[in-house]
Every structure is written in C-alpha cells, then in structure tokens.
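Asks: I have a structure I would like to understand better, so I am pasting it below and will then ask my questions one at a time.
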Amino acid sequence: MTAEVPQPVRPTTLEDVAAVAGVSRATVSRVINGATTVDPALRTVVEQAVATTGYVPNRAARSLVTRRTDSVALVVSERERRPMSEPFVGRMFSDPYFGRVVSGLLEVLRPAGIQMVVMLADDEASRTQLLSYLRHGHVDGVVLITTHADDPLPGLLQETRMPAVLAGRPHKPSPLAYVEVDQHAGARLAADHLAAQGRRRIGTITGPQDMPAGQVRLTGFLEACAAHGIEDVACAEGDFTHLGGAAAMRRLLADRPDLDGVFIASDLMALGALPVLLRAGRDVPSDVAVVGFDDSSAAAACDPPLTTVRQPVEEMAAEMARLLLKQIGEPGGPSPSVLFPPALVRRQSA
C-alpha cells in the first residue's frame with residue numbers, strides 16, 4: 001500500500017482573478033499596481049475578486065516590472081543636530097503635530113500596501129546620506145516636513161526628480177506640490193475673536209521667526225489687529241514647545257503686565273504659557289483671553305480648555321499621501337498644491 005503524495009497547491013494567478021472578475025488580465029494588473037485611471041466600479045469588482053480568490057501579489061516580481069519598492073519616506077528636516085538631552089525623537093513624540101501627520105499618512109498608505117520610513121535630515125552629512133538613499137531607489141517618493149525657511153532640501157529633492165510633496169508652503173518658490181492650512185487666515189481668525197471680545201491690550205507668543213509657519217502666523221495676526229485699530233501688539237518669540245511657551249509668556253508679562261488678550265501660535269506653547277498666567281494672578285479668560293493655534297490634543301489638556309484655530313492635520317497628511325501616490329502612479333502628470341481652510345474652535349480660554 002502506498003501513501004498518496006499530496007499535490008502542491010497552485011498559487012492563484014492574475015488570470016484566475018480576471019476570470020472571477022470578468023475582466024481582462026491587464027485590468028487586474030492595473031488595479032493591483034495602483035493605477036488611478038481605472039473606473040471605480042471596475043476597481044471594486046477586481047478588489048472583490050482578489051478577496052474571493054485569495055490572490056497575493058508577488059512583491060518581488062512586481063518590483064522588477066514596476067521598478068517600485070512600495071515604500072515612501074517621511075523626511076523631517078531640522079536646522080541642526082540637537083544634543084542627546086533634546087533628541088529629535090523626543091521632540092517628535094512630544095509634539096502632537098508629528099503624530100497627527102503620521103496618522104494621516106498611514107490612513108492612506110496602509111490600505112495601498114505602502115510602507116513608510118521615517119528619516120531625519122539635520123545637517124549636511126545627513127542630507128548627503130538621505131539623497132544617496134533616495135537616488136539608490138530605496139523608496140518611491142518623499143513627504144518632507146521642513147522646519148526652517150532657508151532649508152536647501154526642497155531644492156535638492158527637486159533635482160532628484162523623485163515624487164515629493166511638502167508639508168507646508170515652501171519659503172522660496174518651488175515646483176514641488178505642497179499641502180497646508182491657510183496660516184494667514186487662521187491668525188486673522190484669532191485676532192478677530194480677541195477684538196470681538198473687546199480686548200485691546202494684546203500680545204502674542206510667536207512661532208520661531210526662521211520658520212515659515214511662525215512668520216506667516218505673526219504677519220496675519222498683526223495685520224488683522226491693525227485692521228481693528230490695535231497697533232501696539234507686544235511680541236515674544238517662542239519655539240513651538242511647551243517649555244518655550246512658558247518662557248515666552250514670562251517675557252511677555254514682563255513687557256506688558258496689563259495685557260488682556262494673547263494669541264499663542266501653537267497649542268503646545270499655550271499648554272506651557274497658561275500656568276504662567278495663573279501664577280501671575282491673571283485669570284483666564286476674565287483677565288486675559290487666550291487663543292491658540294492647531295487644535296491638537298494639547299488644547300484639550302489646557303486648563304481652562306483652549307480656544308484655538310484648527311488646522312486639520314490628519315486630513316492634510318492624508319491629502320499629502322494621495323498626492324504622492326498619484327505622482328508615483330502617473331509620473332510627469334499634474335500635481336497641484338492644496339490649501340485647507342482654518343476654523344476657530346471655541347472653548348473656555350477666550
């Protein structure tokens with residue numbers, strides 16, 4: 001008596017999926033490879049057939065054909081290397097903005113089967129290493145967060161001709177697509193709200209003035225204050241951190257102890273600034289109305305909860321991912337920038 005030798009199970013092929021879906025093999029291939037020109041109804045039929053047949057793409061073979069890695073890089077470009085006492089990773093996980101960006105990117109990338117690599121570029125050596133990594137084809141595209149106005153990396157990325165999307169409008173003109181909230185309009189919302197409450201002795205804690213976001217939020221706020229007849233606005237520069245917000249608020253109170261309204265250019269800085277006001281005997285909001293910017297988790301953690309300008313970071317990051325995937329799937333095609341509108345979220349601080 002001889003035992004039967006089980007026959008190997010034949011792997012499901014593109015032809016099997018095409019037969020179940022009732023479409024051509026080419027259509028199945030286009031759907032699996034992420035082509036954006038497939039009719040949505042056909043895409044749905046093919047995706048259902050993939051699920052029914054249990055088809056698993058051969059990533060290695062697909063990579064040879066498409067020359068893609070199915071991975072992208074999230075690059076954070078800082079001004080300079082920080083000491084180990086203040087490492088980039090520590091800042092990244094303490095600032096709600098970075099986590100919200102990652103969340104929004106993954107919302108689009110994970111369903112598409114795209115992996116994400118996080119990379120830091122904070123000096124010439126790390127930028128050189130990054131560009132070498134990109135030119136060797138380890139990723140298919142880049143989402144870039146840059147923290148300073150004179151960053152050379154957007155221009156260097158442009159030279160690589162690699163698909164790339166910027167998180168925020170670049171300081172210098174660039175053909176690279178970007179996604180951001182209307183910073184200027186958001187700062188105007190803060191000024192309009194403080195003025196509508198009758199606040200006239202107004203100050204602001206700005207973002208770093210070597211960063212485009214810090215510059216534009218300050219300009220928009222001052223212009224709107226001037227439109228309300230408020231010309232003398234006290235300013236203290238912060239650094240978009242909790243501790244920086246506390247230090248800036250101490251300087252602001254020293255300069256203008258009678259202030260009755262403050263615009264703080266990030267919720268994280270407001271989280272540090274509010275306790276300084278309270279320790280100085282200034283009640284919020286009866287003595288001083290406070291408006292932040294971001295509508296991050298820090299806004300809800302403030303005491304009292306922070307009135308703030310919302311920028312929809314998760315939605316913005318998801319749009320960055322969609323723009324990047326479109327560039328990857330359709331090289332040379334149009335890639336318009338996207339500007340999201342801000343909104344004022346009213347809570348108890350103003």
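Numbering starts fresh at 1 for the residues of each chain in the structure tokens, the chains themselves are lettered A, B, ... in the order given, and ligands are numbered from 1 as they appear.
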Report as a compact mmCIF listing (two decimals) with C-alpha atoms, in the first residue's frame all protein, DNA and RNA residues lying within 6 Å of Tyr55 in chain A, evaluated on only C-alpha atoms, omitting residues in the same chain fewer than 2 positions from it.
Replies:
```
# COMPACT_ATOMS: atom_id res chain seq x y z
CA THR A 12 -3.67 31.96 -7.57
CA VAL A 50 -8.89 39.42 -5.23
CA THR A 53 -9.58 34.12 -4.76
```
Asks: Neighbouring residues of Asp16 in chain A were defined as those with any atom within 12 Å, considering only C-alpha atoms; residues of the same chain fewer than 4 positions away were excluded. Please report them as a list in words.
Replies: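 Once the nearby chain positions are removed, what remains is Arg10, Pro11, Thr12, Val20, Ala21, Gly22, Val23, Ser24, Arg25, Val28, Ser29, Val46, Ala49, Val50, Ala51, Thr52, Thr53, Gly54, Tyr55 and Val56 of chain A.
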Asks: Please indicate the distance in Å from CA of Asp140 in chain A to CA of Pro341 in chain A, rounded to one decimal place.
Replies: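 Distance reported for this atom pair: 29.6 Å.
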Asks: Would you please extract all helix (DSSP H, G or I) residues from range 93-192 of chain A, as assigned by DSSP on the backbone, and give them as a PDB file with N, CA, C and O atoms, in the first residue's frame?
Replies:
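Result file result04.pdb:
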```pdb
ATOM      1  N   PHE A  93       7.924  62.813  19.404  1.00  0.00           N
ATOM      2  CA  PHE A  93       6.859  62.152  20.137  1.00  0.00           C
ATOM      3  C   PHE A  93       6.224  63.049  21.193  1.00  0.00           C
ATOM      4  O   PHE A  93       5.184  62.701  21.740  1.00  0.00           O
ATOM      5  N   SER A  94       6.826  64.216  21.493  1.00  0.00           N
ATOM      6  CA  SER A  94       6.209  65.136  22.435  1.00  0.00           C
ATOM      7  C   SER A  94       5.351  66.177  21.738  1.00  0.00           C
ATOM      8  O   SER A  94       4.483  66.777  22.365  1.00  0.00           O
ATOM      9  N   PRO A  96       2.383  66.991  19.347  1.00  0.00           N
ATOM     10  CA  PRO A  96       1.237  66.300  18.732  1.00  0.00           C
ATOM     11  C   PRO A  96       1.220  66.379  17.213  1.00  0.00           C
ATOM     12  O   PRO A  96       0.663  65.502  16.555  1.00  0.00           O
ATOM     13  N   TYR A  97       1.832  67.422  16.645  1.00  0.00           N
ATOM     14  CA  TYR A  97       1.782  67.611  15.190  1.00  0.00           C
ATOM     15  C   TYR A  97       2.354  66.411  14.451  1.00  0.00           C
ATOM     16  O   TYR A  97       1.750  65.922  13.493  1.00  0.00           O
ATOM     17  N   PHE A  98       3.512  65.921  14.885  1.00  0.00           N
ATOM     18  CA  PHE A  98       4.160  64.830  14.167  1.00  0.00           C
ATOM     19  C   PHE A  98       3.313  63.560  14.195  1.00  0.00           C
ATOM     20  O   PHE A  98       3.165  62.872  13.186  1.00  0.00           O
ATOM     21  N   GLY A  99       2.763  63.263  15.365  1.00  0.00           N
ATOM     22  CA  GLY A  99       1.923  62.075  15.460  1.00  0.00           C
ATOM     23  C   GLY A  99       0.690  62.175  14.579  1.00  0.00           C
ATOM     24  O   GLY A  99       0.253  61.189  13.986  1.00  0.00           O
ATOM     25  N   ARG A 100       0.121  63.375  14.488  1.00  0.00           N
ATOM     26  CA  ARG A 100      -1.060  63.563  13.650  1.00  0.00           C
ATOM     27  C   ARG A 100      -0.706  63.415  12.171  1.00  0.00           C
ATOM     28  O   ARG A 100      -1.492  62.864  11.383  1.00  0.00           O
ATOM     29  N   VAL A 101       0.478  63.889  11.776  1.00  0.00           N
ATOM     30  CA  VAL A 101       0.917  63.713  10.390  1.00  0.00           C
ATOM     31  C   VAL A 101       1.081  62.238  10.067  1.00  0.00           C
ATOM     32  O   VAL A 101       0.601  61.744   9.043  1.00  0.00           O
ATOM     33  N   VAL A 102       1.747  61.506  10.949  1.00  0.00           N
ATOM     34  CA  VAL A 102       1.952  60.069  10.721  1.00  0.00           C
ATOM     35  C   VAL A 102       0.614  59.350  10.614  1.00  0.00           C
ATOM     36  O   VAL A 102       0.405  58.503   9.731  1.00  0.00           O
ATOM     37  N   SER A 103      -0.319  59.692  11.503  1.00  0.00           N
ATOM     38  CA  SER A 103      -1.635  59.062  11.476  1.00  0.00           C
ATOM     39  C   SER A 103      -2.347  59.302  10.150  1.00  0.00           C
ATOM     40  O   SER A 103      -2.922  58.380   9.551  1.00  0.00           O
ATOM     41  N   GLY A 104      -2.325  60.545   9.678  1.00  0.00           N
ATOM     42  CA  GLY A 104      -2.990  60.862   8.420  1.00  0.00           C
ATOM     43  C   GLY A 104      -2.347  60.188   7.227  1.00  0.00           C
ATOM     44  O   GLY A 104      -3.037  59.718   6.311  1.00  0.00           O
ATOM     45  N   LEU A 105      -1.019  60.116   7.204  1.00  0.00           N
ATOM     46  CA  LEU A 105      -0.324  59.437   6.109  1.00  0.00           C
ATOM     47  C   LEU A 105      -0.677  57.956   6.072  1.00  0.00           C
ATOM     48  O   LEU A 105      -0.981  57.395   5.009  1.00  0.00           O
ATOM     49  N   LEU A 106      -0.633  57.314   7.236  1.00  0.00           N
ATOM     50  CA  LEU A 106      -0.882  55.872   7.282  1.00  0.00           C
ATOM     51  C   LEU A 106      -2.320  55.530   6.907  1.00  0.00           C
ATOM     52  O   LEU A 106      -2.587  54.439   6.400  1.00  0.00           O
ATOM     53  N   GLU A 107      -3.233  56.457   7.133  1.00  0.00           N
ATOM     54  CA  GLU A 107      -4.629  56.219   6.774  1.00  0.00           C
ATOM     55  C   GLU A 107      -4.774  55.920   5.280  1.00  0.00           C
ATOM     56  O   GLU A 107      -5.637  55.152   4.867  1.00  0.00           O
ATOM     57  N   VAL A 108      -3.912  56.530   4.475  1.00  0.00           N
ATOM     58  CA  VAL A 108      -3.953  56.321   3.024  1.00  0.00           C
ATOM     59  C   VAL A 108      -2.947  55.260   2.585  1.00  0.00           C
ATOM     60  O   VAL A 108      -3.237  54.420   1.733  1.00  0.00           O
ATOM     61  N   LEU A 109      -1.751  55.277   3.180  1.00  0.00           N
ATOM     62  CA  LEU A 109      -0.679  54.394   2.713  1.00  0.00           C
ATOM     63  C   LEU A 109      -0.923  52.931   3.061  1.00  0.00           C
ATOM     64  O   LEU A 109      -0.660  52.043   2.241  1.00  0.00           O
ATOM     65  N   GLU A 124      24.483  68.810   6.921  1.00  0.00           N
ATOM     66  CA  GLU A 124      24.927  68.497   5.560  1.00  0.00           C
ATOM     67  C   GLU A 124      25.208  67.009   5.387  1.00  0.00           C
ATOM     68  O   GLU A 124      24.859  66.411   4.358  1.00  0.00           O
ATOM     69  N   ALA A 125      25.813  66.384   6.401  1.00  0.00           N
ATOM     70  CA  ALA A 125      26.148  64.962   6.286  1.00  0.00           C
ATOM     71  C   ALA A 125      24.886  64.110   6.180  1.00  0.00           C
ATOM     72  O   ALA A 125      24.814  63.192   5.352  1.00  0.00           O
ATOM     73  N   SER A 126      23.888  64.405   7.000  1.00  0.00           N
ATOM     74  CA  SER A 126      22.658  63.607   6.953  1.00  0.00           C
ATOM     75  C   SER A 126      21.876  63.873   5.677  1.00  0.00           C
ATOM     76  O   SER A 126      21.220  62.968   5.143  1.00  0.00           O
ATOM     77  N   ARG A 127      21.940  65.103   5.149  1.00  0.00           N
ATOM     78  CA  ARG A 127      21.276  65.376   3.868  1.00  0.00           C
ATOM     79  C   ARG A 127      21.953  64.601   2.739  1.00  0.00           C
ATOM     80  O   ARG A 127      21.281  64.049   1.862  1.00  0.00           O
ATOM     81  N   THR A 128      23.274  64.538   2.766  1.00  0.00           N
ATOM     82  CA  THR A 128      24.005  63.778   1.742  1.00  0.00           C
ATOM     83  C   THR A 128      23.638  62.306   1.818  1.00  0.00           C
ATOM     84  O   THR A 128      23.410  61.654   0.789  1.00  0.00           O
ATOM     85  N   GLN A 129      23.571  61.773   3.024  1.00  0.00           N
ATOM     86  CA  GLN A 129      23.198  60.377   3.207  1.00  0.00           C
ATOM     87  C   GLN A 129      21.776  60.124   2.719  1.00  0.00           C
ATOM     88  O   GLN A 129      21.486  59.123   2.060  1.00  0.00           O
ATOM     89  N   LEU A 130      20.870  61.050   3.040  1.00  0.00           N
ATOM     90  CA  LEU A 130      19.483  60.917   2.603  1.00  0.00           C
ATOM     91  C   LEU A 130      19.382  60.908   1.089  1.00  0.00           C
ATOM     92  O   LEU A 130      18.710  60.049   0.495  1.00  0.00           O
ATOM     93  N   LEU A 131      20.041  61.855   0.416  1.00  0.00           N
ATOM     94  CA  LEU A 131      19.960  61.937  -1.041  1.00  0.00           C
ATOM     95  C   LEU A 131      20.536  60.692  -1.696  1.00  0.00           C
ATOM     96  O   LEU A 131      20.028  60.223  -2.720  1.00  0.00           O
ATOM     97  N   SER A 132      21.605  60.138  -1.127  1.00  0.00           N
ATOM     98  CA  SER A 132      22.161  58.895  -1.654  1.00  0.00           C
ATOM     99  C   SER A 132      21.150  57.766  -1.524  1.00  0.00           C
ATOM    100  O   SER A 132      20.965  56.961  -2.452  1.00  0.00           O
ATOM    101  N   TYR A 133      20.479  57.707  -0.388  1.00  0.00           N
ATOM    102  CA  TYR A 133      19.454  56.684  -0.149  1.00  0.00           C
ATOM    103  C   TYR A 133      18.333  56.801  -1.178  1.00  0.00           C
ATOM    104  O   TYR A 133      17.870  55.802  -1.744  1.00  0.00           O
ATOM    105  N   LEU A 134      17.907  58.028  -1.443  1.00  0.00           N
ATOM    106  CA  LEU A 134      16.829  58.240  -2.402  1.00  0.00           C
ATOM    107  C   LEU A 134      17.265  57.888  -3.819  1.00  0.00           C
ATOM    108  O   LEU A 134      16.525  57.232  -4.568  1.00  0.00           O
ATOM    109  N   ARG A 135      18.463  58.312  -4.207  1.00  0.00           N
ATOM    110  CA  ARG A 135      18.932  58.071  -5.575  1.00  0.00           C
ATOM    111  C   ARG A 135      19.169  56.593  -5.840  1.00  0.00           C
ATOM    112  O   ARG A 135      19.145  56.162  -6.995  1.00  0.00           O
ATOM    113  N   LEU A 153      16.890  71.526   1.361  1.00  0.00           N
ATOM    114  CA  LEU A 153      16.416  70.203   0.952  1.00  0.00           C
ATOM    115  C   LEU A 153      15.309  70.229  -0.102  1.00  0.00           C
ATOM    116  O   LEU A 153      15.316  69.391  -1.005  1.00  0.00           O
ATOM    117  N   PRO A 154      14.333  71.150  -0.054  1.00  0.00           N
ATOM    118  CA  PRO A 154      13.342  71.161  -1.139  1.00  0.00           C
ATOM    119  C   PRO A 154      13.988  71.295  -2.520  1.00  0.00           C
ATOM    120  O   PRO A 154      13.594  70.602  -3.470  1.00  0.00           O
ATOM    121  N   GLY A 155      14.983  72.169  -2.642  1.00  0.00           N
ATOM    122  CA  GLY A 155      15.673  72.318  -3.927  1.00  0.00           C
ATOM    123  C   GLY A 155      16.446  71.071  -4.312  1.00  0.00           C
ATOM    124  O   GLY A 155      16.465  70.677  -5.482  1.00  0.00           O
ATOM    125  N   LEU A 156      17.073  70.429  -3.336  1.00  0.00           N
ATOM    126  CA  LEU A 156      17.821  69.198  -3.611  1.00  0.00           C
ATOM    127  C   LEU A 156      16.878  68.074  -4.017  1.00  0.00           C
ATOM    128  O   LEU A 156      17.204  67.268  -4.903  1.00  0.00           O
ATOM    129  N   LEU A 157      15.719  68.003  -3.376  1.00  0.00           N
ATOM    130  CA  LEU A 157      14.730  66.991  -3.762  1.00  0.00           C
ATOM    131  C   LEU A 157      14.251  67.216  -5.188  1.00  0.00           C
ATOM    132  O   LEU A 157      14.069  66.261  -5.954  1.00  0.00           O
ATOM    133  N   GLN A 158      14.038  68.468  -5.544  1.00  0.00           N
ATOM    134  CA  GLN A 158      13.595  68.784  -6.896  1.00  0.00           C
ATOM    135  C   GLN A 158      14.596  68.272  -7.928  1.00  0.00           C
ATOM    136  O   GLN A 158      14.221  67.756  -8.982  1.00  0.00           O
ATOM    137  N   GLU A 159      15.879  68.395  -7.624  1.00  0.00           N
ATOM    138  CA  GLU A 159      16.907  67.945  -8.552  1.00  0.00           C
ATOM    139  C   GLU A 159      16.893  66.429  -8.760  1.00  0.00           C
ATOM    140  O   GLU A 159      17.286  65.946  -9.814  1.00  0.00           O
ATOM    141  N   THR A 160      16.449  65.676  -7.761  1.00  0.00           N
ATOM    142  CA  THR A 160      16.392  64.215  -7.909  1.00  0.00           C
ATOM    143  C   THR A 160      15.268  63.774  -8.836  1.00  0.00           C
ATOM    144  O   THR A 160      15.255  62.633  -9.291  1.00  0.00           O
ATOM    145  N   GLN A 183      -2.448  79.625   6.827  1.00  0.00           N
ATOM    146  CA  GLN A 183      -1.904  80.132   8.084  1.00  0.00           C
ATOM    147  C   GLN A 183      -2.312  81.588   8.324  1.00  0.00           C
ATOM    148  O   GLN A 183      -2.664  81.983   9.442  1.00  0.00           O
ATOM    149  N   HIS A 184      -2.242  82.367   7.282  1.00  0.00           N
ATOM    150  CA  HIS A 184      -2.562  83.797   7.372  1.00  0.00           C
ATOM    151  C   HIS A 184      -4.006  83.983   7.820  1.00  0.00           C
ATOM    152  O   HIS A 184      -4.306  84.771   8.733  1.00  0.00           O
ATOM    153  N   ALA A 185      -4.926  83.247   7.183  1.00  0.00           N
ATOM    154  CA  ALA A 185      -6.347  83.354   7.529  1.00  0.00           C
ATOM    155  C   ALA A 185      -6.587  82.859   8.951  1.00  0.00           C
ATOM    156  O   ALA A 185      -7.434  83.410   9.675  1.00  0.00           O
ATOM    157  N   GLY A 186      -5.875  81.821   9.373  1.00  0.00           N
ATOM    158  CA  GLY A 186      -6.036  81.309  10.726  1.00  0.00           C
ATOM    159  C   GLY A 186      -5.641  82.330  11.778  1.00  0.00           C
ATOM    160  O   GLY A 186      -6.335  82.501  12.795  1.00  0.00           O
ATOM    161  N   ALA A 187      -4.530  83.019  11.556  1.00  0.00           N
ATOM    162  CA  ALA A 187      -4.104  84.050  12.503  1.00  0.00           C
ATOM    163  C   ALA A 187      -5.102  85.205  12.541  1.00  0.00           C
ATOM    164  O   ALA A 187      -5.340  85.809  13.597  1.00  0.00           O
ATOM    165  N   ARG A 188      -5.700  85.516  11.400  1.00  0.00           N
ATOM    166  CA  ARG A 188      -6.724  86.574  11.371  1.00  0.00           C
ATOM    167  C   ARG A 188      -7.935  86.174  12.217  1.00  0.00           C
ATOM    168  O   ARG A 188      -8.522  87.016  12.895  1.00  0.00           O
ATOM    169  N   LEU A 189      -8.308  84.892  12.161  1.00  0.00           N
ATOM    170  CA  LEU A 189      -9.431  84.425  12.980  1.00  0.00           C
ATOM    171  C   LEU A 189      -9.159  84.680  14.461  1.00  0.00           C
ATOM    172  O   LEU A 189     -10.058  85.080  15.211  1.00  0.00           O
ATOM    173  N   ALA A 190      -7.918  84.424  14.892  1.00  0.00           N
ATOM    174  CA  ALA A 190      -7.558  84.647  16.292  1.00  0.00           C
ATOM    175  C   ALA A 190      -7.678  86.123  16.654  1.00  0.00           C
ATOM    176  O   ALA A 190      -8.245  86.483  17.698  1.00  0.00           O
ATOM    177  N   ALA A 191      -7.149  86.996  15.794  1.00  0.00           N
ATOM    178  CA  ALA A 191      -7.218  88.437  16.063  1.00  0.00           C
ATOM    179  C   ALA A 191      -8.667  88.923  16.070  1.00  0.00           C
ATOM    180  O   ALA A 191      -9.065  89.719  16.937  1.00  0.00           O
ATOM    181  N   ASP A 192      -9.452  88.474  15.110  1.00  0.00           N
ATOM    182  CA  ASP A 192     -10.860  88.889  15.034  1.00  0.00           C
ATOM    183  C   ASP A 192     -11.601  88.487  16.303  1.00  0.00           C
ATOM    184  O   ASP A 192     -12.429  89.253  16.828  1.00  0.00           O
TER     185      ASP A 192
END
```
Asks: Return the single residue from A:Pro170, A:Pro275, A:Gly292, A:Gly113 that is closest to Met249 in chain A, with distances computed using only C-alpha atoms.
Replies: A:Pro275
Asks: With distances taken over only C-alpha atoms, which of A:Asp182, A:Asp151, A:Asp303, A:Asp70 is nearest to Gly329 in chain A?
Replies: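 Residue with the minimum atom-to-atom distance to Gly329 in chain A: A:Asp70.
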Asks: Write out as a list in words the residues lying within 8 Å of Ala289 in chain A, counting only C-alpha atoms and excluding same-chain residues fewer than 3 positions away.
Replies: Leu194, Arg199, Asp260, Gly261, Val262, Val284, Pro285, Ser286, Ser349 and Ala350 of chain A
Asks: Using the selection just defined, write its residues with C-alpha atoms as an mmCIF file, in the first residue's frame.
Replies:
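Listing of selection-v6.cif after writing:
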```cif
data_model
loop_
_atom_site.group_PDB
_atom_site.id
_atom_site.type_symbol
_atom_site.label_atom_id
_atom_site.label_comp_id
_atom_site.auth_asym_id
_atom_site.auth_seq_id
_atom_site.Cartn_x
_atom_site.Cartn_y
_atom_site.Cartn_z
ATOM 1 C CA LEU A 194 -9.948 88.742 20.550
ATOM 2 C CA ARG A 199 -9.594 93.001 24.105
ATOM 3 C CA ASP A 260 -5.858 91.346 28.351
ATOM 4 C CA GLY A 261 -5.578 89.114 25.276
ATOM 5 C CA VAL A 262 -2.944 86.745 23.904
ATOM 6 C CA VAL A 284 -8.162 83.121 32.119
ATOM 7 C CA PRO A 285 -10.392 84.240 30.472
ATOM 8 C CA SER A 286 -11.783 87.019 32.697
ATOM 9 C CA SER A 349 -9.995 80.251 27.415
ATOM 10 C CA ALA A 350 -11.457 83.049 25.262
#
```
Asks: For Ala318 in chain A, which of A:Met162, A:Gly137, A:Val179, A:Gly198 is the closest residue, counting only C-alpha atoms?
Replies: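 Smallest separation from Ala318 in chain A among the options: A:Val179.
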Asks: Using only C-alpha atoms, which of the listed residues (A:Ala247, A:Gly229, A:Glu237, A:Leu253) sits closest to Thr206 in chain A?
Replies: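 Among the listed residues, the smallest separation from Thr206 in chain A belongs to A:Glu237.
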Asks: What lies within 10 Å of Gln215 in chain A using only C-alpha atoms, ignoring chain neighbours under 5 positions off, as number ranges by chain?
Replies: A: 149, 171, 183-184, 206-210, 220
Asks: Record the distance separating CA of Pro175 in chain A and CA of Ile114 in chain A, expressed in Å with one decimal.
Replies: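 Taking CA of Pro175 in chain A and CA of Ile114 in chain A, their separation equals 24.7 Å.
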Asks: Which is closest to Arg256 in chain A among A:Val276, A:Val233, A:Leu325, A:Ala213, if we use only C-alpha atoms?
Replies: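 Among A:Val276, A:Val233, A:Leu325, A:Ala213, it is A:Val233 that comes nearest to Arg256 in chain A.
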